[in-house]
$ cat input-v9.txt   # compact mmCIF, C-alpha atoms
# COMPACT_ATOMS: atom_id res chain seq x y z
CA MET P 10 96.59 83.05 122.70
CA THR P 11 97.07 86.73 122.18
CA VAL P 12 96.23 89.26 119.49
CA GLY P 13 97.35 88.64 115.93
CA ILE P 14 97.60 90.36 112.56
CA GLY P 15 96.76 89.26 109.05
CA ALA P 16 100.37 88.51 108.15
CA GLY P 17 100.35 85.26 110.09
CA GLY P 18 97.26 83.95 108.35
CA PHE P 19 97.10 81.48 105.52
CA MET P 20 94.64 79.56 103.41
CA GLY P 21 94.54 76.16 101.75
CA ILE P 22 92.03 74.35 99.59
CA ALA P 23 91.15 70.79 98.65
CA LEU P 24 88.54 69.33 96.33
CA GLU P 25 85.99 67.29 98.24
CA THR P 26 85.37 63.64 97.43
CA VAL P 27 81.99 63.74 99.17
CA ALA P 28 80.26 67.11 99.07
CA ARG P 29 80.31 68.92 102.45
CA THR P 30 82.79 66.43 103.96
CA TYR P 31 85.97 68.22 105.04
CA VAL P 32 89.23 67.47 103.28
CA ALA P 33 92.47 68.86 104.71
CA PRO P 34 94.17 71.33 102.35
CA THR P 35 96.40 70.01 99.59
CA LYS P 36 96.98 73.34 97.87
CA PHE P 37 98.11 76.50 99.60
CA PHE P 38 98.36 79.82 97.81
CA PRO P 39 99.06 83.44 98.67
CA PHE P 40 96.05 85.73 98.63
CA GLU P 41 95.40 89.42 99.21
CA ASN P 42 92.33 89.26 101.41
CA GLU P 43 89.37 87.08 102.27
CA SER P 44 86.00 87.62 103.90
CA LEU P 45 84.68 84.09 104.36
CA ALA P 46 82.06 84.09 107.09
CA TYR P 47 79.70 81.69 108.79
CA ASN P 48 76.28 83.26 108.57
CA GLN P 49 73.42 81.92 110.62
CA ALA P 50 69.89 83.19 110.19
CA THR P 51 68.94 83.04 113.85
CA ILE P 52 65.24 83.48 114.46
CA TRP P 53 64.86 86.02 117.27
CA ARG P 54 61.68 85.27 119.17
CA ARG P 55 59.25 88.12 119.73
CA PRO P 56 55.99 86.41 120.65
CA ILE P 57 53.46 88.32 122.66
CA ARG P 58 53.97 87.28 126.26
CA GLN P 59 53.84 90.41 128.43
CA SER P 60 57.29 91.43 127.21
CA ALA P 61 58.59 94.01 124.70
CA ASP P 62 61.97 92.31 124.32
CA VAL P 63 63.45 89.45 122.40
CA ILE P 64 62.84 86.45 124.61
CA GLY P 65 65.29 84.08 122.96
CA GLY P 66 66.77 82.72 119.77
CA VAL P 67 66.03 79.66 117.70
CA ASP P 68 68.43 77.89 115.37
CA GLY P 69 68.22 79.19 111.83
CA ASN P 70 69.74 78.05 108.56
CA VAL P 71 73.48 78.37 108.09
CA GLN P 72 75.61 79.22 105.10
CA VAL P 73 79.18 80.19 104.37
CA GLU P 74 79.65 83.28 102.25
CA GLY P 75 82.52 85.55 101.29
CA ASP P 76 85.08 86.65 98.76
CA ILE P 77 88.71 85.82 98.13
CA GLU P 78 90.96 88.22 96.24
CA MET P 79 94.24 86.87 94.94
CA GLU P 80 96.87 87.22 92.29
CA ALA P 81 95.97 85.01 89.34
CA PHE P 82 98.05 81.83 89.40
CA GLU P 83 97.69 79.24 86.66
CA ASP P 84 98.25 76.43 89.18
CA VAL P 85 95.47 77.65 91.50
CA ILE P 86 92.70 78.91 89.22
CA PRO P 87 91.71 75.44 87.93
CA TYR P 88 90.76 74.31 91.45
CA PHE P 89 88.27 77.15 91.74
CA LEU P 90 86.91 76.82 88.20
CA MET P 91 86.24 73.13 88.87
CA CYS P 92 83.89 74.28 91.65
CA ALA P 93 82.15 76.78 89.41
CA ARG P 94 79.46 75.99 86.84
CA THR P 95 81.88 74.68 84.25
CA ALA P 96 82.71 71.52 82.37
CA ASN P 97 86.42 70.77 82.43
CA VAL P 98 88.50 68.87 79.91
CA LYS P 99 92.06 68.09 80.93
CA THR P 100 94.66 67.04 78.37
CA GLY P 101 98.40 66.53 78.36
CA THR P 102 101.03 64.80 80.44
CA GLY P 103 103.44 66.82 82.54
CA ASN P 104 102.20 70.00 80.94
CA TYR P 105 98.45 70.08 81.39
CA THR P 106 95.79 72.04 79.56
CA TYR P 107 92.52 72.62 81.40
CA THR P 108 89.70 73.88 79.21
CA PHE P 109 86.67 75.20 81.04
CA THR P 110 83.37 75.80 79.30
CA PRO P 111 80.11 76.93 80.90
CA THR P 112 77.23 74.53 81.39
CA ALA P 113 73.56 74.85 82.36
CA VAL P 114 73.65 72.44 85.30
CA ALA P 115 71.88 73.31 88.56
CA VAL P 116 74.73 72.32 90.88
CA PRO P 117 78.50 72.18 90.44
CA ALA P 118 80.31 68.96 89.65
CA LYS P 119 82.77 69.59 92.48
CA THR P 120 82.82 71.27 95.86
CA MET P 121 85.85 72.24 97.91
CA SER P 122 86.94 72.57 101.49
CA ILE P 123 88.60 75.88 102.29
CA THR P 124 90.78 76.07 105.38
CA VAL P 125 91.54 79.52 106.73
CA VAL P 126 93.93 80.07 109.64
CA ARG P 127 93.44 83.38 111.45
CA ASN P 128 95.76 84.07 114.37
CA GLY P 129 96.50 80.36 114.63
CA VAL P 130 92.81 79.49 114.82
CA VAL P 131 91.55 77.08 112.18
CA PHE P 132 88.30 77.58 110.29
CA GLY P 133 87.31 74.67 108.04
CA TYR P 134 84.66 75.65 105.51
CA VAL P 135 82.98 72.81 103.62
CA GLY P 136 80.76 72.45 100.57
CA CYS P 137 82.26 75.55 99.01
CA VAL P 138 81.22 76.56 95.51
CA VAL P 139 82.28 79.43 93.27
CA GLY P 140 79.20 81.54 92.60
CA SER P 141 81.00 84.17 90.56
CA PHE P 142 84.55 84.96 89.56
CA THR P 143 86.47 87.84 88.04
CA LEU P 144 89.70 88.09 86.10
CA THR P 145 91.00 91.63 86.03
CA VAL P 146 94.15 93.71 85.77
CA ASP P 147 95.27 96.01 88.55
CA ASP P 148 98.35 98.13 87.75
CA GLY P 149 99.50 95.47 85.31
CA LEU P 150 98.97 92.61 87.77
CA LEU P 151 96.49 89.90 86.76
CA LYS P 152 94.08 89.22 89.59
CA PHE P 153 91.50 86.52 90.22
CA ASN P 154 88.63 87.16 92.59
CA VAL P 155 86.02 84.63 93.61
CA SER P 156 82.76 84.82 95.51
CA ILE P 157 82.22 81.70 97.55
CA LEU P 158 79.05 80.10 98.87
CA GLY P 159 79.48 77.15 101.21
CA SER P 160 77.54 74.92 103.50
CA ASP P 161 79.07 74.88 106.96
CA GLU P 162 82.15 75.46 109.12
CA ALA P 163 83.93 73.60 111.89
CA VAL P 164 87.31 73.73 113.60
CA GLN P 165 89.93 71.41 112.13
CA SER P 166 93.47 70.43 113.02
CA LEU P 167 96.10 73.06 112.25
CA PRO P 168 97.80 72.35 108.93
CA THR P 169 101.34 73.37 108.06
CA ALA P 170 101.53 75.10 104.71
CA SER P 171 103.87 74.47 101.82
CA TRP P 172 103.85 77.11 99.13
CA PRO P 173 104.22 76.99 95.38
CA THR P 174 106.65 79.60 94.09
CA THR P 175 104.57 80.45 91.02
CA GLN P 176 105.16 83.98 89.71
CA PRO P 177 102.04 86.08 88.99
CA PHE P 178 101.32 87.58 85.56
CA GLY P 179 102.59 91.15 85.23
CA ALA P 180 103.02 93.82 82.59
CA GLY P 181 104.20 92.64 79.20
CA LYS P 182 102.40 89.30 79.48
CA TYR P 183 99.08 90.25 77.90
CA SER P 184 97.50 89.85 74.51
CA ILE P 185 94.11 91.34 73.75
CA GLU P 186 92.57 90.30 70.48
CA ILE P 187 89.48 92.11 69.16
CA PRO P 188 88.33 90.22 67.21
CA THR P 189 90.16 87.00 68.07
CA GLY P 190 93.27 86.85 65.89
CA SER P 191 93.66 90.64 65.67
CA PRO P 192 95.78 91.92 68.59
CA VAL P 193 95.11 95.46 69.78
CA THR P 194 97.37 97.59 71.98
CA ASP P 195 94.98 100.40 72.88
CA ALA P 196 93.52 98.89 76.07
CA ASP P 197 95.05 99.29 79.51
CA THR P 198 92.61 97.43 81.71
CA PHE P 199 89.84 94.88 81.58
CA GLU P 200 87.49 93.03 83.89
CA PHE P 201 86.00 89.72 82.83
CA GLN P 202 83.26 88.46 85.11
CA VAL P 203 81.08 85.38 85.24
CA ASP P 204 78.17 85.37 87.67
CA ASP P 205 76.21 82.13 87.87
CA GLY P 206 73.53 83.42 90.26
CA ALA P 207 74.46 80.99 93.04
CA GLU P 208 72.05 80.54 95.91
CA SER P 209 72.18 78.45 99.09
CA GLN P 210 69.48 75.80 99.27
CA TYR P 211 68.22 74.63 102.65
CA ARG P 212 66.39 71.41 103.32
CA LEU P 213 64.68 70.08 106.42
CA LYS P 214 66.96 67.51 108.01
CA SER P 215 68.07 66.02 111.30
CA THR P 216 71.83 66.64 111.11
CA GLY P 217 73.37 70.08 110.93
CA ARG P 218 71.98 73.41 109.85
CA GLY P 219 74.21 74.09 106.84
CA SER P 220 72.80 74.50 103.37
CA GLU P 221 72.16 71.19 101.64
CA PHE P 222 73.65 72.39 98.37
CA VAL P 223 74.28 75.50 96.31
CA SER P 224 72.20 75.95 93.19
CA PHE P 225 72.96 78.07 90.15
CA GLY P 226 70.55 80.42 88.38
CA GLU P 227 70.85 82.61 85.33
CA ARG P 228 74.38 83.30 84.18
CA ALA P 229 75.79 86.70 83.22
CA VAL P 230 79.08 86.89 81.35
CA THR P 231 80.41 90.42 81.09
CA LEU P 232 83.58 92.17 80.10
CA SER P 233 84.50 95.80 80.55
CA MET P 234 87.55 97.62 79.29
CA GLU P 235 88.88 101.03 78.35
CA ARG P 236 90.41 101.72 74.94
CA ASP P 237 91.89 104.76 73.24
CA PHE P 238 89.22 106.45 71.13
CA GLU P 239 90.44 106.97 67.59
CA SER P 240 87.54 106.29 65.22
CA ARG P 241 83.83 105.50 64.98
CA THR P 242 84.38 101.88 63.92
CA ASP P 243 83.81 100.30 67.32
CA TYR P 244 81.07 102.82 68.16
CA ASP P 245 79.17 101.95 64.99
CA ALA P 246 79.53 98.25 65.85
CA TYR P 247 78.00 99.03 69.24
CA LYS P 248 75.03 100.76 67.59
CA ALA P 249 74.56 97.84 65.22
CA LEU P 250 74.76 95.21 68.03
CA THR P 251 77.56 93.57 66.09
CA SER P 252 78.81 90.34 67.66
CA GLN P 253 82.58 89.92 67.95
CA THR P 254 84.94 87.20 69.02
CA LEU P 255 87.29 88.37 71.72
CA THR P 256 90.31 86.76 73.37
CA ILE P 257 92.37 87.93 76.32
CA SER P 258 95.49 85.98 77.15
CA ALA P 259 98.13 86.24 79.85
CA THR P 260 101.17 84.19 78.92
CA LYS P 261 104.42 83.44 80.74
CA THR P 262 105.49 80.51 78.60
CA ALA P 263 103.80 78.27 76.04
CA ASN P 264 102.86 75.94 78.90
CA ASN P 265 101.97 78.53 81.52
CA LEU P 266 99.09 80.73 80.50
CA ILE P 267 95.53 81.78 81.14
CA SER P 268 93.33 82.59 78.18
CA VAL P 269 89.74 83.85 78.14
CA ASN P 270 87.72 83.61 74.97
CA MET P 271 84.32 85.17 74.37
CA PRO P 272 83.12 83.71 71.07
CA ALA P 273 80.18 86.10 70.69
CA ALA P 274 80.54 89.34 72.63
CA ILE P 275 78.13 92.19 71.98
CA LYS P 276 78.77 95.69 73.28
CA ASP P 277 76.28 96.67 75.94
CA GLU P 278 77.59 100.16 76.65
CA TYR P 279 79.93 102.49 74.83
CA THR P 280 80.80 105.91 76.21
CA VAL P 281 83.30 108.48 75.07
CA SER P 282 83.24 112.00 76.44
CA LEU P 283 85.18 115.24 76.57
CA GLY P 284 85.92 115.45 80.27
CA GLY P 285 88.43 118.28 80.28
CA GLN P 286 91.16 120.00 78.30
CA GLY P 287 93.91 117.67 79.42
CA ASP P 288 91.99 114.41 79.36
CA LEU P 289 93.05 111.69 76.96
CA LEU P 290 90.05 110.54 74.96
CA ARG P 291 89.17 107.03 76.05
CA ALA P 292 86.24 104.83 75.15
CA SER P 293 84.64 102.92 78.00
CA LEU P 294 83.12 99.67 76.80
CA SER P 295 81.18 96.86 78.35
CA TYR P 296 80.31 93.61 76.61
CA GLN P 297 77.70 90.96 77.19
CA GLY P 298 78.81 87.44 76.41
CA VAL P 299 76.17 85.57 74.41
CA ILE P 300 76.31 82.02 73.18
CA ASP P 301 77.98 81.01 69.94
CA GLY P 302 76.82 78.31 67.55
CA THR P 303 77.99 75.61 69.96
CA GLY P 304 76.13 77.08 72.93
CA LYS P 305 79.01 78.51 74.92
CA SER P 306 79.32 82.11 76.06
CA TYR P 307 82.94 81.87 77.13
CA GLU P 308 85.87 79.49 77.36
CA ILE P 309 88.84 79.61 79.69
CA VAL P 310 92.03 77.73 78.90
CA VAL P 311 94.64 77.30 81.62
CA LYS P 312 98.02 75.71 80.92
CA THR P 313 100.00 74.59 83.94
CA GLN P 314 102.10 71.78 85.37
CA GLU P 315 99.59 71.35 88.20
CA ASN P 316 98.14 67.84 88.04
CA ILE P 317 94.64 67.92 89.54
CA THR P 318 93.01 64.52 89.78
CA MET G 22 120.67 64.74 115.05
CA SER G 23 119.19 65.52 111.63
CA TYR G 24 116.00 64.98 109.70
CA LYS G 25 115.30 63.21 106.42
CA MET G 26 112.65 65.17 104.54
CA THR G 27 110.98 63.68 101.47
CA ILE G 28 109.03 66.05 99.23
CA LYS G 29 106.47 64.35 97.02
CA GLN G 30 103.36 66.37 96.28
CA PRO G 31 101.38 64.39 93.70
CA ASN G 32 99.73 67.50 92.26
CA MET G 33 103.05 69.13 91.39
CA ALA G 34 105.64 68.19 88.80
CA ASP G 35 108.95 66.70 89.89
CA GLY G 36 111.43 69.52 90.19
CA ALA G 37 108.78 72.15 90.91
CA GLU G 38 109.76 74.49 93.73
CA ILE G 39 108.01 74.28 97.07
CA TYR G 40 108.62 76.84 99.78
CA ILE G 41 108.18 75.93 103.43
CA ALA G 42 108.25 78.96 105.70
CA GLY G 43 111.13 78.69 108.13
CA LEU G 44 112.94 75.99 106.16
CA GLY G 45 113.44 77.29 102.63
CA THR G 46 112.74 76.27 99.06
CA PHE G 47 112.86 72.65 97.97
CA GLN G 48 112.25 70.69 94.79
CA ASN G 49 109.36 68.29 94.50
CA GLY G 50 110.41 64.66 94.19
CA LYS G 51 113.65 65.06 96.13
CA VAL G 52 114.92 63.93 99.51
CA TYR G 53 116.71 66.38 101.80
CA LYS G 54 118.71 66.23 104.98
CA VAL G 55 117.67 68.97 107.35
CA SER G 56 120.03 69.95 110.13
CA GLU G 57 118.90 70.29 113.70
CA ALA G 58 119.63 74.03 113.52
CA ALA G 59 117.41 74.40 110.44
CA ALA G 60 114.67 72.38 112.12
CA GLU G 61 114.93 74.62 115.17
CA GLY G 62 114.67 77.68 112.90
CA PHE G 63 111.46 76.18 111.52
CA ARG G 64 110.04 75.97 115.04
CA VAL G 65 111.10 79.54 115.77
CA LEU G 66 109.40 80.91 112.66
CA ASN G 67 106.22 79.05 113.58
CA ALA G 68 106.36 80.22 117.20
CA ARG G 69 103.33 81.90 118.72
CA VAL G 70 102.80 84.17 121.64
CA VAL G 71 100.46 82.98 124.36
CA SER G 72 98.99 85.02 127.14
CA GLU G 73 98.53 83.46 130.54
CA GLY G 74 97.65 85.24 133.74
CA GLY G 75 98.36 88.64 132.24
CA GLN G 76 101.83 87.63 131.04
CA THR G 77 102.84 86.73 127.52
CA ARG G 78 105.43 84.16 126.52
CA GLN G 79 106.64 82.61 123.31
CA VAL G 80 105.91 78.99 122.51
CA LEU G 81 107.91 77.35 119.74
CA GLY G 82 106.09 75.75 116.85
CA THR G 83 105.55 72.01 116.46
CA PRO G 84 108.75 69.99 115.95
CA LEU G 85 109.52 69.32 112.29
CA ASP G 86 108.98 65.57 112.54
CA GLU G 87 105.57 66.09 114.11
CA VAL G 88 104.05 68.58 111.68
CA ASN G 89 101.61 67.52 109.00
CA ILE G 90 102.64 69.03 105.65
CA TYR G 91 100.79 67.72 102.62
CA GLY G 92 103.11 65.63 100.46
CA VAL G 93 106.02 65.97 102.86
CA THR G 94 107.32 63.24 105.18
CA VAL G 95 109.94 63.88 107.82
CA GLU G 96 111.91 61.28 109.75
CA LYS G 97 114.30 61.93 112.60
CA GLN G 98 117.79 60.59 112.00
CA GLY G 99 120.83 60.16 114.23
CA GLU G 100 123.53 61.44 111.88
CA PRO G 101 124.29 65.17 111.83
CA ALA G 102 123.74 67.46 108.83
CA ARG G 103 125.08 70.99 108.50
CA GLU G 104 122.48 72.45 106.16
CA SER G 105 119.33 71.49 104.27
CA ASP G 106 121.26 69.57 101.63
CA SER G 107 119.72 67.43 98.93
CA GLU G 108 120.70 63.78 99.15
$ encode --input "input-v9.txt" --output "structure tokens"
Amino acid sequence: MTVGIGAGGFMGIALETVARTYVAPTKFFPFENESLAYNQATIWRRPIRQSADVIGGVDGNVQVEGDIEMEAFEDVIPYFLMCARTANVKTGTGNYTYTFTPTAVAVPAKTMSITVVRNGVVFGYVGCVVGSFTLTVDDGLLKFNVSILGSDEAVQSLPTASWPTTQPFGAGKYSIEIPTGSPVTDADTFEFQVDDGAESQYRLKSTGRGSEFVSFGERAVTLSMERDFESRTDYDAYKALTSQTLTISATKTANNLISVNMPAAIKDEYTVSLGGQGDLLRASLSYQGVIDGTGKSYEIVVKTQENIT
Amino acid sequence: MSYKMTIKQPNMADGAEIYIAGLGTFQNGKVYKVSEAAAEGFRVLNARVVSEGGQTRQVLGTPLDEVNIYGVTVEKQGEPARESDSE
């Protein structure tokens, strides 16, 4: 082989039937960058033995860790959310609706294999779980970023990719409702993040060094956005810790959309300042998602023709 | 020489577009005839450069009927085809 560049790389995913057992990719998707890495906690030996140097290494625990940044595709996001701490209800025939709600389980219902090809070299990551994810807008483009924790990595046979031709969500596709049912047009960006406090768990065993599973901890559901500042209404709601429903939707057609609902969002920070003569007055807000009467802090609805079984 | 290519990805709807680099865009659920020239173009796009003994050379990609594409089956056929036409 010879040197390569990122352009020739690609990535594919597949849900695992048995956790940590590799499955060749069934879904390929374009992405912007990835940083998946095999991390081993090698124990460097420094016993006292008439030497001031490391005298050797001993096998340590292994985990897979890294981020994937991609355009948000309604036919790809459900795969990742199934490997997050969510419960998923799928309805429909032909046109499918996937509704994801958060749970309090310790481990995800599903894990995935992620295959990354770098310069023609195949890296097969197994037992991968979504520890946190972000939906955000960058210059009008909806983006989906995930932080992955996995168990182990091994070389696999080189797959040949086939690509969906799904168009990303761009400007003119958004609806922001604060509260839900009342669209506003004074926001130009948002970042919705769910962090489930994922952590690799190692167990003493005789086969392999990879983490035995990934556990979840406390969850944080946050949303930040910037809005034009025109009155005290929202600011007073911030001071009063007023809970609001909030819905952000990106819609291409009635059957191709991604919608995020926070049923009880409370403002955590609210800043508005006079930064300079020419500065437009904007309010910078961040919300904490708290649970509603049914116990959920958020809900994500994805409508797509992708049939995930 | 041509190839019969059947596209059937169970996770995608019939009629959904699938792009295969070096071959083009196809519809799920359909059967296509792929010409030898198109199949050769696929190998060219998937070519890699190898370095041996200080010299580099190009190696064509795997032949179309030998690659493993999820939900895609390819069979070699004797009859010629001019383009990647749907049957």
$ residues_around --input "input-v9.txt" --residues "Thr102 of chain P" --least-positions-apart "2" --cutoff "12 Å" --atoms "only C-alpha atoms" --output "compact mmCIF listing (two decimals) with C-alpha atoms, keeping the file's coordinate frame"
# COMPACT_ATOMS: atom_id res chain seq x y z
CA LYS P 99 92.06 68.09 80.93
CA THR P 100 94.66 67.04 78.37
CA ASN P 104 102.20 70.00 80.94
CA TYR P 105 98.45 70.08 81.39
CA THR P 106 95.79 72.04 79.56
CA TYR P 107 92.52 72.62 81.40
CA ASN P 264 102.86 75.94 78.90
CA LYS P 312 98.02 75.71 80.92
CA THR P 313 100.00 74.59 83.94
CA GLN P 314 102.10 71.78 85.37
CA GLU P 315 99.59 71.35 88.20
CA ASN P 316 98.14 67.84 88.04
CA ILE P 317 94.64 67.92 89.54
CA MET G 33 103.05 69.13 91.39
CA ALA G 34 105.64 68.19 88.80
$ interface_residues --input "input-v9.txt" --of "chain P" --to "chain G" --cutoff "12 Å" --atoms "only C-alpha atoms" --output "number ranges by chain"
P: 10-14, 17-19, 21-23, 32-39, 84-85, 88, 102-105, 128-130, 166-176, 313-318
$ axis_aligned_box --input "input-v9.txt" --around "segment 22-27 of chain G" --padding-each-side "8 Å" --output "lines of an AutoDock Vina configuration file"
center_x = 115.8
center_y = 64.4
center_z = 108.3
size_x = 25.7
size_y = 18.3
size_z = 29.6
$ residues_around --input "input-v9.txt" --residues "Gln98 of chain G" --least-positions-apart "4" --cutoff "9 Å" --atoms "only C-alpha atoms" --output "list in words"
Met22, Ser23, Tyr24 and Lys25 of chain G
$ atom_distance --input "input-v9.txt" --atom1 "atom CA of Ile257 of chain P" --atom2 "atom CA of Gln202 of chain P"
12.7 Å
$ residues_around --input "input-v9.txt" --residues "Val131 of chain P" --least-positions-apart "5" --cutoff "6 Å" --atoms "all atoms listed in the file" --output "list in words"
Val125, Val126, Val164 and Gln165 of chain P
